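Trainee: Structure file target.csv, CSV, C-alpha atoms and all ligand atoms, is pasted below:
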chain,number,residue,atom,x,y,z
A,1,MET,CA,132.4,141.8,82.1
A,2,ILE,CA,128.9,141.8,80.6
A,3,VAL,CA,128.7,139.8,77.4
A,4,LEU,CA,126.0,141.3,75.1
A,5,LYS,CA,124.3,138.7,72.9
A,6,THR,CA,123.7,138.9,69.2
A,7,GLU,CA,120.2,138.4,67.8
A,8,GLU,CA,121.3,134.9,66.7
A,9,GLN,CA,122.5,134.0,70.1
A,10,ILE,CA,119.3,135.3,71.7
A,11,GLU,CA,117.3,133.1,69.3
A,12,GLY,CA,119.3,130.1,70.6
A,13,ILE,CA,118.8,131.1,74.2
A,14,ARG,CA,115.0,131.7,73.4
A,15,LYS,CA,114.7,128.1,72.2
A,16,SER,CA,116.4,126.7,75.3
A,17,CYS,CA,114.1,128.9,77.5
A,18,GLN,CA,111.0,127.8,75.7
A,19,MET,CA,111.9,124.2,76.3
A,20,LEU,CA,112.5,124.9,80.0
A,21,CYS,CA,109.1,126.7,80.2
A,22,ARG,CA,107.4,123.6,78.8
A,23,LEU,CA,109.1,121.4,81.3
A,24,LEU,CA,108.1,123.6,84.2
A,25,ASP,CA,104.5,123.7,82.8
A,26,SER,CA,104.5,120.0,82.8
A,27,LEU,CA,105.2,119.9,86.5
A,28,ASP,CA,101.8,121.5,87.3
A,29,GLY,CA,99.8,119.0,89.3
A,30,ARG,CA,102.7,116.5,89.1
A,31,ILE,CA,104.3,117.1,92.5
A,32,LYS,CA,102.4,114.8,94.8
A,33,PRO,CA,102.6,113.8,98.5
A,34,GLY,CA,104.7,110.6,98.8
A,35,MET,CA,107.1,111.4,96.0
A,36,SER,CA,110.7,112.0,96.9
A,37,THR,CA,112.6,115.1,95.8
A,38,ARG,CA,114.7,112.6,93.9
A,39,ASP,CA,111.6,111.5,91.9
A,40,VAL,CA,111.1,115.1,90.8
A,41,ASP,CA,114.7,115.3,89.7
A,42,ALA,CA,114.5,112.0,87.8
A,43,TYR,CA,111.4,113.2,85.9
A,44,CYS,CA,113.1,116.5,84.9
A,45,HIS,CA,116.4,114.9,84.0
A,46,GLU,CA,114.7,112.3,81.7
A,47,TRP,CA,112.5,115.0,80.2
A,48,ILE,CA,115.5,117.2,79.3
A,49,LEU,CA,117.4,114.3,77.7
A,50,ALA,CA,114.3,113.1,75.8
A,51,HIS,CA,114.0,116.6,74.3
A,52,GLY,CA,117.6,116.8,73.2
A,53,GLY,CA,118.9,119.1,75.9
A,54,LYS,CA,121.4,118.7,78.7
A,55,PRO,CA,120.8,119.5,82.4
A,56,ALA,CA,123.1,122.5,82.9
A,57,CYS,CA,123.1,122.2,86.7
A,58,LEU,CA,124.4,118.6,86.7
A,59,HIS,CA,128.1,118.7,87.8
A,60,TYR,CA,128.1,122.6,87.7
A,61,GLU,CA,130.7,123.4,90.4
A,62,GLY,CA,130.1,119.8,91.6
A,63,PHE,CA,126.3,120.0,92.0
A,64,PRO,CA,125.3,116.3,92.0
A,65,ALA,CA,121.8,116.5,90.2
A,66,ALA,CA,120.0,117.8,87.2
A,67,THR,CA,117.5,119.8,89.3
A,68,CYS,CA,117.5,121.9,92.5
A,69,VAL,CA,114.5,120.9,94.5
A,70,SER,CA,114.0,123.0,97.7
A,71,VAL,CA,111.2,122.2,100.2
A,72,ASN,CA,109.7,124.6,102.8
A,73,GLU,CA,112.6,126.2,104.7
A,74,GLU,CA,115.0,125.2,101.9
A,75,VAL,CA,115.5,128.3,99.9
A,76,ILE,CA,117.5,127.2,96.8
A,77,HIS,CA,120.1,124.6,95.7
A,78,GLY,CA,118.2,121.7,97.4
A,79,ILE,CA,119.9,118.5,96.5
A,80,PRO,CA,117.3,115.9,95.5
A,81,ARG,CA,117.3,112.9,97.8
A,82,LYS,CA,115.5,109.5,97.8
A,83,ASN,CA,114.7,109.8,101.5
A,84,HIS,CA,113.3,113.4,101.2
A,85,ILE,CA,109.6,112.6,100.9
A,86,ILE,CA,107.2,115.4,99.8
A,87,LYS,CA,104.1,115.7,102.0
A,88,GLU,CA,100.7,117.5,101.9
A,89,GLY,CA,101.2,121.1,103.0
A,90,ASP,CA,104.7,121.5,101.7
A,91,ILE,CA,105.9,124.1,99.2
A,92,VAL,CA,108.3,122.9,96.6
A,93,SER,CA,110.6,125.0,94.6
A,94,VAL,CA,112.1,123.6,91.4
A,95,ASP,CA,115.0,125.5,89.8
A,96,LEU,CA,116.2,124.2,86.4
A,97,CYS,CA,118.8,125.1,83.9
A,98,ILE,CA,118.9,123.6,80.4
A,99,ASN,CA,121.8,123.6,78.0
A,100,LEU,CA,120.3,123.4,74.5
A,101,LYS,CA,123.0,123.5,71.8
A,102,GLY,CA,125.3,125.6,74.0
A,103,TYR,CA,122.6,128.0,75.0
A,104,ILE,CA,121.7,128.1,78.7
A,105,SER,CA,118.2,128.9,80.2
A,106,ASP,CA,117.4,129.3,83.9
A,107,SER,CA,114.0,129.4,85.5
A,108,ALA,CA,112.3,128.4,88.8
A,109,ARG,CA,108.8,128.2,90.3
A,110,THR,CA,107.4,127.2,93.7
A,111,TRP,CA,104.4,124.9,93.9
A,112,ALA,CA,102.0,124.2,96.7
A,113,VAL,CA,101.4,120.5,97.5
A,114,GLY,CA,97.7,120.1,98.4
A,115,GLU,CA,96.4,122.4,101.1
A,116,ILE,CA,99.0,124.8,102.5
A,117,SER,CA,99.0,127.3,105.3
A,118,GLN,CA,97.8,130.9,104.6
A,119,GLU,CA,101.3,132.1,105.3
A,120,LYS,CA,102.8,129.8,102.6
A,121,GLU,CA,100.0,130.8,100.2
A,122,LYS,CA,100.8,134.5,100.7
A,123,LEU,CA,104.6,133.8,100.5
A,124,ILE,CA,104.2,132.1,97.1
A,125,LYS,CA,101.9,134.9,95.8
A,126,VAL,CA,104.1,137.7,96.9
A,127,THR,CA,107.3,136.1,95.6
A,128,ARG,CA,105.7,135.6,92.2
A,129,GLU,CA,104.6,139.3,92.3
A,130,CYS,CA,108.1,140.3,93.3
A,131,LEU,CA,109.5,138.6,90.2
A,132,TYR,CA,107.0,140.6,88.0
A,133,LYS,CA,107.7,143.8,89.8
A,134,GLY,CA,111.4,143.3,89.1
A,135,ILE,CA,110.7,142.5,85.5
A,136,ASP,CA,108.5,145.6,85.2
A,137,ALA,CA,111.3,147.8,86.7
A,138,ALA,CA,113.8,146.4,84.2
A,139,SER,CA,111.4,147.2,81.3
A,140,GLN,CA,111.4,150.9,82.0
A,141,PRO,CA,113.4,153.2,79.7
A,142,HIS,CA,116.9,154.0,81.0
A,143,ALA,CA,116.5,151.4,83.8
A,144,ARG,CA,119.5,150.1,85.7
A,145,ILE,CA,120.1,146.7,87.2
A,146,GLN,CA,119.5,147.8,90.7
A,147,ASP,CA,116.0,149.2,89.8
A,148,ILE,CA,115.1,145.5,89.8
A,149,GLY,CA,116.2,144.9,93.4
A,150,ALA,CA,114.6,148.1,94.6
A,151,ALA,CA,111.2,147.0,93.2
A,152,VAL,CA,111.6,143.4,94.6
A,153,TYR,CA,112.7,144.6,98.0
A,154,LYS,CA,109.9,147.2,98.3
A,155,HIS,CA,107.2,144.7,97.5
A,156,ALA,CA,108.5,141.9,99.8
A,157,ASP,CA,109.2,144.3,102.7
A,158,ARG,CA,105.7,146.0,102.6
A,159,ASN,CA,104.3,142.4,102.9
A,160,GLY,CA,106.4,141.7,105.9
A,161,PHE,CA,108.7,139.2,104.2
A,162,GLY,CA,112.5,138.9,104.1
A,163,VAL,CA,114.7,139.2,101.0
A,164,VAL,CA,117.7,136.8,100.8
A,165,ARG,CA,120.9,138.8,100.3
A,166,ASP,CA,123.5,136.1,100.0
A,167,TYR,CA,122.4,134.9,96.5
A,168,CYS,CA,121.4,137.0,93.5
A,169,GLY,CA,120.2,136.8,89.9
A,170,HIS,CA,122.8,136.9,87.2
A,171,GLY,CA,123.6,137.2,83.6
A,172,VAL,CA,123.0,133.9,81.7
A,173,GLY,CA,122.9,132.5,78.2
A,174,LEU,CA,126.3,131.4,77.1
A,175,GLU,CA,127.3,130.4,80.7
A,176,LEU,CA,125.1,129.6,83.6
A,177,HIS,CA,126.4,132.5,85.7
A,178,GLU,CA,127.6,135.6,83.9
A,179,ASP,CA,127.8,139.2,84.8
A,180,PRO,CA,126.0,141.3,85.9
A,181,GLU,CA,124.9,140.3,89.4
A,182,VAL,CA,121.2,141.0,89.8
A,183,PRO,CA,120.6,141.5,93.5
A,184,ASN,CA,117.1,141.6,95.0
A,185,TYR,CA,118.0,144.6,97.1
A,186,THR,CA,120.1,147.7,96.4
A,187,SER,CA,123.7,148.4,97.5
A,188,PRO,CA,126.3,150.9,96.6
A,189,MET,CA,128.9,148.0,96.9
A,190,ILE,CA,127.5,146.3,93.8
A,191,SER,CA,127.7,147.4,90.2
A,192,ASN,CA,124.7,149.1,88.7
A,193,PRO,CA,124.9,149.0,85.0
A,194,ARG,CA,122.4,150.5,82.7
A,195,ILE,CA,120.1,147.8,81.1
A,196,ARG,CA,120.6,147.7,77.4
A,197,GLU,CA,120.0,145.8,74.2
A,198,GLY,CA,121.8,142.4,74.0
A,199,MET,CA,121.7,141.8,77.8
A,200,VAL,CA,120.3,138.4,78.9
A,201,PHE,CA,119.9,137.8,82.6
A,202,ALA,CA,118.0,135.9,85.3
A,203,ILE,CA,115.8,137.7,87.8
A,204,GLU,CA,115.2,135.5,90.8
A,205,PRO,CA,113.7,136.8,94.0
A,206,MET,CA,114.2,134.4,97.0
A,207,ILE,CA,111.8,135.6,99.6
A,208,THR,CA,111.5,134.3,103.2
A,209,ALA,CA,108.5,134.3,105.6
A,210,LYS,CA,110.5,136.2,108.3
A,211,SER,CA,114.3,136.7,108.7
A,212,HIS,CA,116.3,136.9,105.5
A,213,ARG,CA,119.2,135.1,107.1
A,214,VAL,CA,120.3,131.8,105.6
A,215,ASP,CA,122.6,128.9,106.3
A,216,VAL,CA,124.1,126.2,104.0
A,217,LEU,CA,123.6,122.6,105.1
A,218,ASP,CA,126.5,120.1,105.6
A,219,ASP,CA,125.9,118.8,102.1
A,220,GLY,CA,127.6,122.0,100.9
A,221,TRP,CA,124.7,123.1,98.7
A,222,THR,CA,121.3,123.2,100.3
A,223,VAL,CA,120.5,126.8,101.4
A,224,VAL,CA,118.0,127.0,104.3
A,225,THR,CA,116.5,129.8,106.3
A,226,ALA,CA,118.3,130.3,109.6
A,227,ASP,CA,115.0,130.5,111.4
A,228,GLY,CA,113.5,127.4,109.8
A,229,ARG,CA,110.6,129.4,108.4
A,230,PRO,CA,109.5,128.8,104.8
A,231,SER,CA,110.9,130.4,101.7
A,232,ALA,CA,109.7,130.7,98.0
A,233,HIS,CA,111.6,131.3,94.8
A,234,PHE,CA,110.5,132.3,91.3
A,235,GLU,CA,112.9,133.0,88.4
A,236,HIS,CA,112.7,134.0,84.7
A,237,THR,CA,115.4,134.5,82.1
A,238,VAL,CA,114.8,137.7,80.3
A,239,ALA,CA,116.4,139.3,77.2
A,240,ILE,CA,116.7,142.9,76.1
A,241,THR,CA,116.0,143.1,72.4
A,242,HIS,CA,115.3,146.0,70.0
A,243,ASN,CA,111.7,145.5,71.0
A,244,GLY,CA,112.4,145.9,74.7
A,245,LEU,CA,112.4,143.3,77.4
A,246,GLU,CA,111.2,139.8,76.5
A,247,ILE,CA,110.5,137.1,79.1
A,248,LEU,CA,112.2,134.2,77.5
A,249,THR,CA,111.1,131.5,80.0
A,250,GLN,CA,107.4,132.3,79.5
A,251,ILE,CA,105.6,131.3,76.3
A,301,LIG,N1,119.3,128.8,89.0
A,301,LIG,C1,120.4,128.4,89.9
A,301,LIG,C2,121.2,129.6,90.2
A,301,LIG,O1,121.1,130.5,89.5
A,301,LIG,C3,121.1,127.3,89.3
A,301,LIG,C4,122.0,126.6,90.2
A,301,LIG,S1,122.7,125.3,89.5
A,301,LIG,C5,123.6,124.7,90.7
A,301,LIG,O2,122.0,129.6,91.2
A,301,LIG,F1,124.3,123.7,90.2
A,301,LIG,F2,124.4,125.6,91.1
A,301,LIG,F3,122.9,124.3,91.6
A,302,CO,CO,119.6,131.5,88.4
Let me see the file written as structure tokens.

Mentor:
Amino acid sequence: MIVLKTEEQIEGIRKSCQMLCRLLDSLDGRIKPGMSTRDVDAYCHEWILAHGGKPACLHYEGFPAATCVSVNEEVIHGIPRKNHIIKEGDIVSVDLCINLKGYISDSARTWAVGEISQEKEKLIKVTRECLYKGIDAASQPHARIQDIGAAVYKHADRNGFGVVRDYCGHGVGLELHEDPEVPNYTSPMISNPRIREGMVFAIEPMITAKSHRVDVLDDGWTVVTADGRPSAHFEHTVAITHNGLEILTQI
């Protein structure tokens, strides 16, 4: 069931999203070789608490950290670890959810650490473009949810990249994962509701260098590419208001 949000609820979610945007902005230039993924998590966790929020990922279905930090072939849901040291040439995705006064925001970005390969450079660029293609599709009059996936898929595919199918975007705002599912591809097996005022959802392309196939590590969370090739992830929370689509996690 899709829960449409009131203007007041959207204002609460907007505040949570703006806070998350500031936190992600503050990560620019902060992810350095020699840091552990656990250090990235500690920074984000402390920042959220210092700004009056709660990390919404922590303990969500048993997730053991405030932040998902996914490096190179890790696609999403990377569990931060003290012995996972970030090095020059890595790409690092940070996916964060904040609960601010009961309102949930969700956003992710992928950063390059120092000099990276041309393939990784292109992967980051195309994944970011996929997110904005999806947002643009959702902004059209009479758009439906699967118009997003059609746009994301087309852009990734024409660049020779894979689109992860096992995980999707989702409604968000009052809970971390709400209806509808927001896939990055199209399928007659998945609902395809019309996008309308009051909807708040997360669009989150997860794009791989080659095969879209993924596995989950023995830790039960970390999703990795089956072929070990790199992957990137960008995510925004958006709302549909009387003025149209608003990207909430972008100030
Ligand atoms: N943005 C992530 C998602 O939509 C949040 C995951 S929190 C976790 O799946 F606890 F599930 F890791
Ligand atoms: Co999400």

Trainee: Using all atoms listed in the file, tabulate the residues of chain A lying at most 9 Å from any atom of ligand LIG 301 (chain A), each with its closest atom pair and that distance in Å to one decimal, by chain and increasing residue number, as CSV.

Mentor:
residue,atom,partner,partner_atom,distance
A:Ala56,CA,A:LIG301,S1,7.2
A:Cys57,CA,A:LIG301,F1,4.0
A:Leu58,CA,A:LIG301,F1,6.2
A:His59,CA,A:LIG301,F1,6.7
A:Tyr60,CA,A:LIG301,F1,4.7
A:Glu61,CA,A:LIG301,F1,6.4
A:Gly62,CA,A:LIG301,F1,7.1
A:Phe63,CA,A:LIG301,F1,4.6
A:Pro64,CA,A:LIG301,F1,7.7
A:Ala65,CA,A:LIG301,F1,7.6
A:Ala66,CA,A:LIG301,F1,7.9
A:Thr67,CA,A:LIG301,F3,7.4
A:Cys68,CA,A:LIG301,F3,6.0
A:Ile76,CA,A:LIG301,O2,7.6
A:His77,CA,A:LIG301,F3,5.0
A:Gly78,CA,A:LIG301,F3,7.9
A:Ile79,CA,A:LIG301,F3,8.2
A:Asp95,CA,A:LIG301,N1,5.5
A:Leu96,CA,A:LIG301,N1,6.1
A:Cys97,CA,A:LIG301,C3,6.3
A:Ser105,CA,A:LIG301,N1,8.9
A:Asp106,CA,A:LIG301,N1,5.5
A:Ser107,CA,A:LIG301,N1,6.4
A:Ala108,CA,A:LIG301,N1,7.0
A:Tyr167,CA,A:LIG301,O2,7.5
A:Cys168,CA,A:LIG301,O1,7.6
A:Gly169,CA,A:LIG301,O1,6.4
A:His170,CA,A:LIG301,O1,7.0
A:Val172,CA,A:LIG301,O1,8.7
A:Leu176,CA,A:LIG301,O1,7.2
A:His177,CA,A:LIG301,O1,6.8
A:Ala202,CA,A:LIG301,O1,7.5
A:Glu204,CA,A:LIG301,O1,7.8
A:Trp221,CA,A:LIG301,F3,7.4
A:Thr222,CA,A:LIG301,F3,8.9
A:Glu235,CA,A:LIG301,N1,7.7

Trainee: I'd like the interatomic distance between CA of Asn243 in chain A and CA of Asp147 in chain A, to a tenth of an Å.

Mentor: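 Result for CA of Asn243 in chain A versus CA of Asp147 in chain A: 19.6 Å, one decimal.
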
Trainee: So how far away is CA of Arg213 in chain A from CA of Asp166 in chain A, in Å?

Mentor: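 That distance, rounded to one decimal, is 8.4 Å.
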
Trainee: Taking into account all atoms listed in the file, which residue in the set A:Gly34, A:Pro193, A:Gly198, A:Gly220 is nearest to Lys5 in chain A?

Mentor: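 The closest residue to Lys5 in chain A is A:Gly198.
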
Trainee: Which polymer residues, whether protein, DNA or RNA, lie within 10 Å of the coordinate (114.4, 135.8, 69.7) when you count all atoms listed in the file? List them as a PyMOL selection string, using the chain letters and numbers from the file.

Mentor: chain A and resi 6-15+239-241+246+248

Trainee: Up to 7 Å from (108.8, 125.6, 90.7) in the file's coordinates: name the residues, counting only C-alpha atoms, as a PyMOL selection string.

Mentor: chain A and resi 24+92-95+108-111+234

Trainee: Please produce an output containing C-alpha atoms for each residue in the selection, written as a PDB file, in the frame of the given file.

Mentor:
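To be explicit, this is the file written out as result.pdb:
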ATOM      1  CA  LEU A  24     108.100 123.600  84.200  1.00  0.00           C
ATOM      2  CA  VAL A  92     108.300 122.900  96.600  1.00  0.00           C
ATOM      3  CA  SER A  93     110.600 125.000  94.600  1.00  0.00           C
ATOM      4  CA  VAL A  94     112.100 123.600  91.400  1.00  0.00           C
ATOM      5  CA  ASP A  95     115.000 125.500  89.800  1.00  0.00           C
ATOM      6  CA  ALA A 108     112.300 128.400  88.800  1.00  0.00           C
ATOM      7  CA  ARG A 109     108.800 128.200  90.300  1.00  0.00           C
ATOM      8  CA  THR A 110     107.400 127.200  93.700  1.00  0.00           C
ATOM      9  CA  TRP A 111     104.400 124.900  93.900  1.00  0.00           C
ATOM     10  CA  PHE A 234     110.500 132.300  91.300  1.00  0.00           C
TER      11      PHE A 234
END

Trainee: Might you pull out every residue within 10 Å of Arg229 in chain A, with only C-alpha atoms counted and same-chain residues fewer than 2 positions away left off, and present them as a PyMOL selection string?

Mentor: chain A and resi 72-75+120+208-212+224-227+231

Trainee: Kindly indicate which residue among A:Ile247, A:Ile31, A:Ile148, A:Ile104 lies nearest to ligand CO 302 (chain A), using all atoms listed in the file for the distances.

Mentor: A:Ile104

Trainee: Neighbours of Ala137 in chain A within 7 Å (only C-alpha atoms; same-chain residues fewer than 3 positions away dropped), as a compact mmCIF listing (two decimals) with C-alpha atoms, keeping the file's coordinate frame?

Mentor:
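Final output, saved to part28.txt:
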# COMPACT_ATOMS: atom_id res chain seq x y z
CA LYS A 133 107.70 143.80 89.80
CA GLY A 134 111.40 143.30 89.10
CA GLN A 140 111.40 150.90 82.00
CA ALA A 143 116.50 151.40 83.80
CA ASP A 147 116.00 149.20 89.80
CA ILE A 148 115.10 145.50 89.80
CA ALA A 151 111.20 147.00 93.20

Trainee: In Å, how far is it from CA of Val126 in chain A to CA of Pro230 in chain A?

Mentor: 13.1 Å

Trainee: Give the answer as one residue: which of A:Val71, A:Ile203, A:Met19, A:Ile195 has the shortest atom-to-atom distance to ligand CO 302 (chain A), using all atoms listed in the file?

Mentor: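 So, comparing all the options, the nearest one is A:Ile203.
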
Trainee: May I have the centre and edge lengths, in Å to one decimal, of an axis-aligned box around the listed atoms of range 12-15 of chain A with 5 Å added to every side, as JSON?

Mentor:
{"center_x": 117.0, "center_y": 129.9, "center_z": 72.4, "size_x": 14.6, "size_y": 13.6, "size_z": 13.6}

Trainee: Point out the residue among A:Cys130, A:Leu100, A:Leu174, A:Met206 with the least atom-to-atom distance to Gln18 in chain A, counting all atoms listed in the file.

Mentor: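 So, comparing all the options, the nearest one is A:Leu100.
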